[in-house]
>>> print(open('coords15.cif').read())   # mmCIF, C-alpha atoms
data_work
#
loop_
_atom_site.label_atom_id
_atom_site.label_comp_id
_atom_site.auth_asym_id
_atom_site.auth_seq_id
_atom_site.Cartn_x
_atom_site.Cartn_y
_atom_site.Cartn_z
CA MET A 1 83.49 -187.48 -18.40
CA THR A 2 82.86 -188.70 -21.96
CA ARG A 3 84.29 -186.95 -25.00
CA HIS A 4 80.80 -185.64 -25.82
CA ARG A 5 80.42 -184.11 -22.36
CA LYS A 6 83.90 -182.60 -22.51
CA ALA A 7 83.08 -180.98 -25.83
CA ALA A 8 79.79 -179.66 -24.47
CA ALA A 9 81.50 -178.21 -21.40
CA THR A 10 84.09 -176.50 -23.59
CA THR A 11 81.37 -175.04 -25.80
CA VAL A 12 79.43 -173.72 -22.80
CA GLY A 13 82.59 -172.26 -21.30
CA THR A 14 83.54 -170.64 -24.59
CA TYR A 15 80.03 -169.23 -25.03
CA GLY A 16 80.09 -167.86 -21.48
CA ASP A 17 83.47 -166.21 -22.09
CA GLN A 18 82.25 -164.73 -25.37
CA ALA A 19 79.08 -163.39 -23.75
CA ARG A 20 81.09 -161.86 -20.91
CA GLN A 21 83.52 -160.27 -23.37
CA ALA A 22 80.67 -158.84 -25.43
CA LEU A 23 79.13 -157.31 -22.29
CA LEU A 24 82.46 -155.73 -21.34
CA ASP A 25 82.87 -154.30 -24.85
CA SER A 26 79.31 -152.99 -24.78
CA ALA A 27 79.67 -151.47 -21.30
CA GLU A 28 82.95 -149.77 -22.18
CA GLU A 29 81.49 -148.17 -25.31
CA LEU A 30 78.24 -147.05 -23.70
CA PHE A 31 79.88 -145.81 -20.49
CA ALA A 32 82.42 -143.87 -22.55
CA THR A 33 79.73 -142.31 -24.73
CA PHE A 34 76.95 -141.55 -22.26
CA GLY A 35 78.47 -141.81 -18.78
CA VAL A 36 78.53 -144.65 -16.28
CA ASP A 37 75.37 -143.65 -14.44
CA ALA A 38 73.36 -142.95 -17.60
CA VAL A 39 73.36 -146.49 -19.01
CA SER A 40 71.13 -149.29 -17.73
CA ASN A 41 72.14 -152.94 -17.47
CA ARG A 42 69.36 -153.77 -19.93
CA ARG A 43 70.78 -151.36 -22.51
CA ILE A 44 74.24 -152.88 -22.09
CA ALA A 45 72.84 -156.37 -22.69
CA GLU A 46 70.86 -155.26 -25.75
CA HIS A 47 73.87 -153.43 -27.22
CA ALA A 48 75.90 -156.61 -26.73
CA GLY A 49 73.28 -158.56 -28.70
CA ASN A 50 72.20 -160.51 -25.64
CA ALA A 51 68.48 -161.25 -25.48
CA ASN A 52 68.72 -161.94 -21.74
CA HIS A 53 68.16 -158.56 -20.08
CA SER A 54 69.54 -160.00 -16.84
CA ALA A 55 72.84 -160.91 -18.51
CA VAL A 56 74.85 -158.39 -16.50
CA SER A 57 73.64 -159.85 -13.21
CA TYR A 58 74.16 -163.40 -14.47
CA HIS A 59 77.76 -162.88 -15.63
CA PHE A 60 78.99 -160.27 -13.13
CA GLY A 61 76.70 -160.46 -10.14
CA SER A 62 76.15 -156.72 -9.77
CA ARG A 63 76.40 -153.41 -11.55
CA ASP A 64 79.44 -152.36 -9.49
CA ALA A 65 81.17 -155.61 -10.35
CA LEU A 66 80.64 -154.92 -14.06
CA VAL A 67 82.12 -151.43 -13.75
CA ARG A 68 85.13 -152.79 -11.85
CA ALA A 69 85.61 -155.60 -14.36
CA THR A 70 85.52 -153.10 -17.20
CA MET A 71 88.09 -150.96 -15.42
CA MET A 72 90.40 -153.89 -14.66
CA ARG A 73 90.12 -155.85 -17.90
CA TYR A 74 93.54 -154.83 -19.26
CA SER A 75 95.37 -154.36 -15.97
CA GLU A 76 97.54 -157.45 -16.23
CA ASP A 77 98.64 -156.57 -19.77
CA ALA A 78 99.65 -153.11 -18.56
CA ARG A 79 101.58 -154.59 -15.62
CA ARG A 80 103.52 -156.91 -17.92
CA ARG A 81 104.41 -154.06 -20.27
CA ARG A 82 105.45 -151.86 -17.33
CA ARG A 83 107.75 -154.56 -15.98
CA GLU A 84 109.36 -154.88 -19.41
CA LEU A 85 110.05 -151.15 -19.49
CA VAL A 86 111.35 -151.10 -15.92
CA GLU A 87 113.80 -153.88 -16.76
CA LEU A 88 115.19 -151.73 -19.58
CA LEU A 89 115.92 -148.79 -17.30
CA GLY A 90 119.56 -147.88 -16.79
CA PRO A 91 121.17 -147.55 -13.36
CA GLU A 92 120.30 -143.84 -13.12
CA PRO A 93 117.11 -143.19 -15.08
CA GLY A 94 115.98 -139.63 -15.60
CA LEU A 95 112.51 -138.22 -15.03
CA ARG A 96 111.44 -138.81 -18.63
CA ASP A 97 112.54 -142.45 -18.44
CA LEU A 98 110.46 -142.99 -15.31
CA LEU A 99 107.45 -141.19 -16.74
CA SER A 100 107.68 -143.34 -19.85
CA CYS A 101 107.28 -146.44 -17.69
CA LEU A 102 104.09 -144.95 -16.25
CA ILE A 103 102.56 -143.64 -19.48
CA VAL A 104 103.64 -145.98 -22.29
CA PRO A 105 101.82 -149.09 -20.92
CA LEU A 106 98.55 -147.15 -21.19
CA THR A 107 99.19 -145.83 -24.71
CA ASP A 108 100.45 -149.23 -25.87
CA GLN A 109 97.21 -150.77 -24.63
CA LEU A 110 95.17 -148.14 -26.45
CA ALA A 111 97.20 -148.75 -29.61
CA SER A 112 96.42 -152.47 -29.46
CA LEU A 113 92.64 -152.03 -29.44
CA PRO A 114 90.41 -152.23 -32.53
CA SER A 115 89.40 -148.91 -34.05
CA PRO A 116 87.32 -147.17 -32.95
CA SER A 117 88.12 -147.71 -29.30
CA TRP A 118 86.47 -146.21 -26.23
CA ARG A 119 88.93 -147.21 -23.51
CA ALA A 120 90.42 -143.79 -22.74
CA ARG A 121 87.02 -142.13 -22.83
CA PHE A 122 85.68 -144.75 -20.43
CA LEU A 123 88.57 -144.10 -18.02
CA ARG A 124 87.78 -140.39 -18.18
CA GLN A 125 84.14 -141.08 -17.36
CA LEU A 126 85.13 -143.09 -14.28
CA ARG A 127 86.18 -139.85 -12.58
CA THR A 128 82.56 -138.71 -12.63
CA VAL A 129 81.48 -141.66 -10.45
CA PRO A 130 82.21 -140.84 -6.79
CA SER A 131 82.14 -144.48 -5.73
CA MET A 132 84.85 -145.32 -8.27
CA VAL A 133 87.36 -142.60 -7.37
CA ALA A 134 88.64 -144.50 -4.35
CA THR A 135 88.68 -147.75 -6.32
CA VAL A 136 90.81 -146.23 -9.07
CA ALA A 137 93.20 -144.81 -6.47
CA ALA A 138 93.40 -148.14 -4.66
CA ASN A 139 94.15 -149.95 -7.90
CA THR A 140 97.05 -147.57 -8.52
CA THR A 141 98.55 -147.90 -5.07
CA ALA A 142 98.12 -151.69 -5.14
CA ASP A 143 100.62 -152.01 -7.99
CA PRO A 144 104.12 -152.01 -6.44
CA ASP A 145 105.75 -151.12 -9.77
CA ILE A 146 103.66 -147.96 -10.07
CA VAL A 147 104.31 -147.00 -6.46
CA HIS A 148 108.06 -147.53 -6.94
CA LEU A 149 108.13 -145.51 -10.17
CA ILE A 150 106.16 -142.67 -8.62
CA GLY A 151 108.59 -142.54 -5.69
CA ARG A 152 111.59 -142.42 -8.00
CA ALA A 153 109.99 -139.78 -10.22
CA ARG A 154 109.20 -137.61 -7.21
CA ALA A 155 112.77 -137.99 -6.01
CA THR A 156 114.06 -136.39 -9.23
CA VAL A 157 112.23 -133.17 -8.34
CA SER A 158 112.77 -133.39 -4.58
CA ASP A 159 114.08 -129.83 -4.53
CA LEU A 160 110.50 -128.64 -5.05
CA PRO A 161 108.07 -128.24 -2.13
CA ALA A 162 106.23 -131.49 -1.37
CA SER A 163 102.82 -129.86 -1.75
CA VAL A 164 103.76 -128.65 -5.23
CA ILE A 165 104.97 -132.09 -6.31
CA THR A 166 101.77 -133.69 -5.01
CA GLY A 167 99.52 -131.14 -6.70
CA ARG A 168 101.34 -131.34 -10.01
CA SER A 169 101.31 -135.15 -9.89
CA TRP A 170 97.53 -135.11 -9.48
CA LEU A 171 97.19 -132.66 -12.38
CA LEU A 172 99.37 -134.67 -14.73
CA GLY A 173 97.42 -137.86 -14.02
CA HIS A 174 94.23 -136.12 -15.08
CA MET A 175 96.00 -134.55 -18.04
CA VAL A 176 97.19 -137.91 -19.36
CA ILE A 177 93.74 -139.52 -19.23
CA ASP A 178 91.99 -136.47 -20.67
CA ALA A 179 94.53 -136.11 -23.47
CA CYS A 180 94.29 -139.81 -24.36
CA ALA A 181 90.50 -139.54 -24.42
CA GLU A 182 90.66 -136.50 -26.71
CA TYR A 183 93.13 -138.23 -29.03
CA GLU A 184 91.03 -141.40 -29.10
CA GLU A 185 87.98 -139.31 -29.98
CA ARG A 186 89.87 -137.50 -32.73
CA LEU A 187 91.02 -140.80 -34.25
CA GLU A 188 87.39 -141.88 -34.54
CA ARG A 189 86.07 -138.52 -35.71
CA GLU A 190 88.71 -137.67 -38.33
CA SER A 191 89.92 -141.15 -39.33
CA VAL A 192 93.54 -140.04 -39.05
CA GLU A 193 96.41 -142.53 -38.88
CA PRO A 194 97.03 -143.43 -35.21
CA ASN A 195 100.43 -142.67 -33.73
CA TRP A 196 100.10 -143.69 -30.09
CA THR A 197 103.87 -144.05 -29.70
CA GLY A 198 104.50 -140.48 -30.79
CA PHE A 199 101.60 -139.32 -28.65
CA ALA A 200 103.03 -141.14 -25.63
CA TYR A 201 106.30 -139.24 -25.80
CA PHE A 202 104.46 -135.99 -26.41
CA LEU A 203 102.74 -136.69 -23.09
CA VAL A 204 106.03 -137.64 -21.41
CA ASP A 205 107.55 -134.32 -22.47
CA ALA A 206 104.51 -132.39 -21.25
CA CYS A 207 104.43 -134.19 -17.89
CA ALA A 208 108.15 -133.72 -17.33
CA GLY A 209 107.82 -130.04 -18.15
CA MET A 210 104.98 -129.67 -15.66
CA LEU A 211 106.85 -131.43 -12.86
CA GLU A 212 110.11 -129.55 -13.42
CA ALA A 213 108.60 -126.09 -13.95
CA PRO A 214 109.75 -123.26 -11.65
CA VAL A 215 107.62 -122.60 -8.58
CA THR A 216 106.11 -119.13 -8.31
CA SER A 217 103.24 -120.04 -5.98
CA GLU A 218 103.50 -122.60 -3.21
CA GLY A 219 100.51 -123.96 -1.36
CA ASP A 220 98.39 -126.98 -0.59
CA PHE A 221 95.69 -125.95 -3.06
CA LEU A 222 94.20 -129.38 -3.78
CA GLY A 223 94.35 -130.87 -0.27
CA SER A 224 93.82 -134.53 0.52
CA ARG A 225 92.21 -135.23 -2.86
CA ALA A 226 95.54 -134.73 -4.60
CA GLU A 227 97.32 -136.97 -2.10
CA SER A 228 94.94 -139.86 -2.69
CA THR A 229 96.26 -140.83 -6.11
CA TRP A 230 98.94 -140.15 -8.74
CA ALA A 231 96.29 -140.26 -11.43
#
>>> encode(input="coords15.cif", output="structure tokens")
Amino acid sequence: MTRHRKAAATTVGTYGDQARQALLDSAEELFATFGVDAVSNRRIAEHAGNANHSAVSYHFGSRDALVRATMMRYSEDARRRRRELVELLGPEPGLRDLLSCLIVPLTDQLASLPSPSWRARFLRQLRTVPSMVATVAANTTADPDIVHLIGRARATVSDLPASVITGRSWLLGHMVIDACAEYEERLERESVEPNWTGFAYFLVDACAGMLEAPVTSEGDFLGSRAESTWA
């Protein structure tokens, strides 16, 4: 390949990467604002500044693939951060230490994004798409670090009934995403100074309090839905 052809190939590749990134940014913002099912592929392309209304199909192959790519776009960054935190754990970590390893990678990712961001609000919207619920759960259980941390966290409250631990775990997963989405929205609405680190440990305290709270009512209230995922 000549130098001219190499340069051309690099330019095409860079343009393709930029177009794909713009579509992901556009999809995340529009899905977060209006809901995943309320936004057309054409609108996503137009919002990304792409004159090709078939851009989503061209770059991702299908609508579902775009949604999954938007969901997974920061997964590797979160895994790296989680491994770093796990390596810092002492020989006998407490519940708050373990919860920090689960929550801080998410809040660190949110802190790294340009302002305004829509990431947390997009993740909240994913729960409204039935076809994505199983995908989100599968993504969680496919990460061995998350599975290991969840097991260790549950072991710290093993004196509680299993159904209570499972139900509370499901609730706290929803609470974390909803709270992050609300905080993200507030940062945009009120232009306050972000403090994602402080917010992360506020969430850690709240989650630990929920898991360790006394049991006054025991029952399998949420059924198999709660068992399908930590978050």
>>> residues_around(input="coords15.cif", residues="segment 210-212 of chain A", least_positions_apart="5", cutoff="9 Å", atoms="only C-alpha atoms", output="count of residues only")
11
>>> closest_residue(input="coords15.cif", among="A:Thr107, A:Ser75, A:Ser158, A:Asn195", to="Asn139 of chain A", atoms="all atoms listed in the file")
A:Ser75
>>> atom_distance(input="coords15.cif", atom1="atom CA of Met71 of chain A", atom2="atom CA of Ser191 of chain A")
25.9 Å
>>> residues_around(input="coords15.cif", residues="segment 144-152 of chain A", least_positions_apart="6", cutoff="8 Å", atoms="only C-alpha atoms", output="ChimeraX atom specification")
/A:79,82-83,98-99,101-102,230
>>> atom_distance(input="coords15.cif", atom1="atom CA of Val129 of chain A", atom2="atom CA of Gly35 of chain A")
8.9 Å
>>> resolve_selection(input="coords15.cif", expression="the PyMOL selection byres ((chain A and resi 181) around 9)", output="ChimeraX atom specification")
/A:118-124,176-180,182-186
>>> closest_residue(input="coords15.cif", among="A:Gly16, A:Gly219, A:Gly90, A:Gly198", to="Ser163 of chain A", atoms="all atoms listed in the file")
A:Gly219
>>> closest_residue(input="coords15.cif", among="A:Gly173, A:Ser26, A:Ala19, A:Val133", to="Ser40 of chain A", atoms="all atoms listed in the file")
A:Ser26
>>> resolve_selection(input="coords15.cif", expression="the PyMOL selection byres ((chain A and resi 200) around 9)", output="ChimeraX atom specification")
/A:100,103-104,106-108,180,195-199,201-205
>>> axis_aligned_box(input="coords15.cif", around="segment 163-179 of chain A", padding_each_side="8 Å", output="AutoDock Vina command-line options")
--center_x 98.5 --center_y -134.1 --center_z -12.6 --size_x 29.0 --size_y 26.9 --size_z 37.7
>>> atom_distance(input="coords15.cif", atom1="atom CA of Ser112 of chain A", atom2="atom CA of Gln18 of chain A")
19.2 Å
>>> closest_residue(input="coords15.cif", among="A:Gln125, A:Arg68, A:Pro214, A:Asp143", to="Ala38 of chain A", atoms="all atoms listed in the file")
A:Gln125
>>> residues_around(input="coords15.cif", residues="Thr70 of chain A", least_positions_apart="5", cutoff="12 Å", atoms="all atoms listed in the file", output="number ranges by chain")
A: 20-32, 36, 56, 60, 63-65, 75, 118-120, 122-123, 126, 132, 136
>>> closest_residue(input="coords15.cif", among="A:Ala48, A:Ala111, A:Leu85, A:Ala162", to="Asp97 of chain A", atoms="all atoms listed in the file")
A:Leu85
>>> closest_residue(input="coords15.cif", among="A:Arg96, A:His53, A:Glu193, A:Pro161", to="Thr216 of chain A", atoms="only C-alpha atoms")
A:Pro161
>>> decode(input="coords15.cif", residues="segment 195-226 of chain A", atoms="N, CA, C and O atoms", output="CSV table (one decimal), in the first residue's frame")
chain,number,residue,atom,x,y,z
A,195,ASN,N,-19.9,16.9,42.6
A,195,ASN,CA,-19.1,16.2,43.6
A,195,ASN,C,-19.5,14.7,43.6
A,195,ASN,O,-20.1,14.2,44.5
A,196,TRP,N,-19.1,14.1,42.5
A,196,TRP,CA,-19.4,12.7,42.3
A,196,TRP,C,-18.8,11.8,43.4
A,196,TRP,O,-19.3,10.7,43.7
A,197,THR,N,-17.6,12.2,43.8
A,197,THR,CA,-16.9,11.4,44.9
A,197,THR,C,-17.7,11.4,46.2
A,197,THR,O,-18.0,10.3,46.8
A,198,GLY,N,-18.1,12.6,46.6
A,198,GLY,CA,-18.9,12.7,47.8
A,198,GLY,C,-20.3,12.0,47.6
A,198,GLY,O,-20.8,11.3,48.6
A,199,PHE,N,-20.9,12.1,46.4
A,199,PHE,CA,-22.1,11.5,46.2
A,199,PHE,C,-22.0,9.9,46.2
A,199,PHE,O,-22.9,9.2,46.7
A,200,ALA,N,-20.9,9.4,45.7
A,200,ALA,CA,-20.6,8.0,45.7
A,200,ALA,C,-20.7,7.4,47.2
A,200,ALA,O,-21.3,6.4,47.4
A,201,TYR,N,-20.0,8.1,48.1
A,201,TYR,CA,-20.0,7.6,49.4
A,201,TYR,C,-21.3,7.9,50.2
A,201,TYR,O,-21.6,7.1,51.1
A,202,PHE,N,-22.0,8.9,49.8
A,202,PHE,CA,-23.4,9.0,50.3
A,202,PHE,C,-24.2,7.8,49.9
A,202,PHE,O,-25.0,7.2,50.7
A,203,LEU,N,-24.1,7.3,48.6
A,203,LEU,CA,-24.8,6.1,48.2
A,203,LEU,C,-24.3,4.9,48.9
A,203,LEU,O,-25.1,4.0,49.3
A,204,VAL,N,-23.0,4.8,49.1
A,204,VAL,CA,-22.4,3.6,49.8
A,204,VAL,C,-23.0,3.6,51.2
A,204,VAL,O,-23.5,2.5,51.7
A,205,ASP,N,-23.1,4.7,51.9
A,205,ASP,CA,-23.7,4.7,53.3
A,205,ASP,C,-25.2,4.3,53.2
A,205,ASP,O,-25.6,3.5,54.1
A,206,ALA,N,-25.9,4.8,52.2
A,206,ALA,CA,-27.3,4.5,52.1
A,206,ALA,C,-27.5,3.0,51.8
A,206,ALA,O,-28.4,2.4,52.4
A,207,CYS,N,-26.7,2.5,50.9
A,207,CYS,CA,-26.9,1.0,50.6
A,207,CYS,C,-26.5,0.1,51.7
A,207,CYS,O,-27.2,-0.9,52.0
A,208,ALA,N,-25.4,0.5,52.4
A,208,ALA,CA,-25.0,-0.3,53.6
A,208,ALA,C,-26.1,-0.3,54.7
A,208,ALA,O,-26.5,-1.3,55.3
A,209,GLY,N,-26.7,0.9,54.9
A,209,GLY,CA,-27.8,1.0,55.8
A,209,GLY,C,-29.0,0.2,55.5
A,209,GLY,O,-29.6,-0.5,56.3
A,210,MET,N,-29.3,0.1,54.2
A,210,MET,CA,-30.4,-0.7,53.7
A,210,MET,C,-30.2,-2.2,53.9
A,210,MET,O,-31.0,-2.9,54.4
A,211,LEU,N,-29.0,-2.6,53.6
A,211,LEU,CA,-28.7,-4.0,53.7
A,211,LEU,C,-28.6,-4.5,55.1
A,211,LEU,O,-29.0,-5.6,55.4
A,212,GLU,N,-28.1,-3.6,56.0
A,212,GLU,CA,-27.9,-4.0,57.4
A,212,GLU,C,-29.1,-3.7,58.3
A,212,GLU,O,-29.1,-4.1,59.5
A,213,ALA,N,-30.1,-3.1,57.8
A,213,ALA,CA,-31.3,-2.7,58.6
A,213,ALA,C,-32.0,-4.0,59.2
A,213,ALA,O,-31.9,-5.1,58.7
A,214,PRO,N,-32.5,-3.8,60.4
A,214,PRO,CA,-33.2,-4.9,61.1
A,214,PRO,C,-34.4,-5.4,60.2
A,214,PRO,O,-34.9,-4.6,59.4
A,215,VAL,N,-34.7,-6.7,60.4
A,215,VAL,CA,-35.8,-7.3,59.6
A,215,VAL,C,-37.1,-7.3,60.5
A,215,VAL,O,-37.1,-7.9,61.5
A,216,THR,N,-38.1,-6.7,60.0
A,216,THR,CA,-39.4,-6.7,60.7
A,216,THR,C,-40.5,-7.4,59.9
A,216,THR,O,-41.6,-7.7,60.4
A,217,SER,N,-40.2,-7.7,58.6
A,217,SER,CA,-41.1,-8.4,57.7
A,217,SER,C,-40.3,-9.3,56.8
A,217,SER,O,-39.5,-8.7,56.0
A,218,GLU,N,-40.5,-10.5,56.8
A,218,GLU,CA,-39.7,-11.5,56.0
A,218,GLU,C,-40.6,-12.1,54.9
A,218,GLU,O,-41.7,-12.6,55.3
A,219,GLY,N,-40.2,-12.1,53.7
A,219,GLY,CA,-41.0,-12.7,52.7
A,219,GLY,C,-40.4,-12.5,51.3
A,219,GLY,O,-39.5,-11.6,51.1
A,220,ASP,N,-40.8,-13.4,50.4
A,220,ASP,CA,-40.3,-13.3,49.0
A,220,ASP,C,-41.2,-12.4,48.2
A,220,ASP,O,-41.9,-12.9,47.3
A,221,PHE,N,-41.1,-11.1,48.5
A,221,PHE,CA,-42.1,-10.2,47.9
A,221,PHE,C,-41.8,-9.8,46.4
A,221,PHE,O,-42.8,-9.5,45.7
A,222,LEU,N,-40.6,-9.9,46.0
A,222,LEU,CA,-40.3,-9.5,44.6
A,222,LEU,C,-40.1,-10.7,43.7
A,222,LEU,O,-40.0,-10.5,42.5
A,223,GLY,N,-40.0,-11.9,44.2
A,223,GLY,CA,-39.9,-13.1,43.4
A,223,GLY,C,-38.7,-13.2,42.5
A,223,GLY,O,-37.6,-12.7,42.8
A,224,SER,N,-38.9,-13.9,41.4
A,224,SER,CA,-37.7,-14.2,40.5
A,224,SER,C,-37.1,-13.0,39.9
A,224,SER,O,-36.0,-12.9,39.5
A,225,ARG,N,-37.9,-11.9,39.8
A,225,ARG,CA,-37.4,-10.7,39.2
A,225,ARG,C,-36.2,-10.1,40.0
A,225,ARG,O,-35.2,-9.7,39.5
A,226,ALA,N,-36.3,-10.2,41.3
A,226,ALA,CA,-35.3,-9.7,42.2
A,226,ALA,C,-34.0,-10.6,42.1
A,226,ALA,O,-32.9,-10.1,42.3
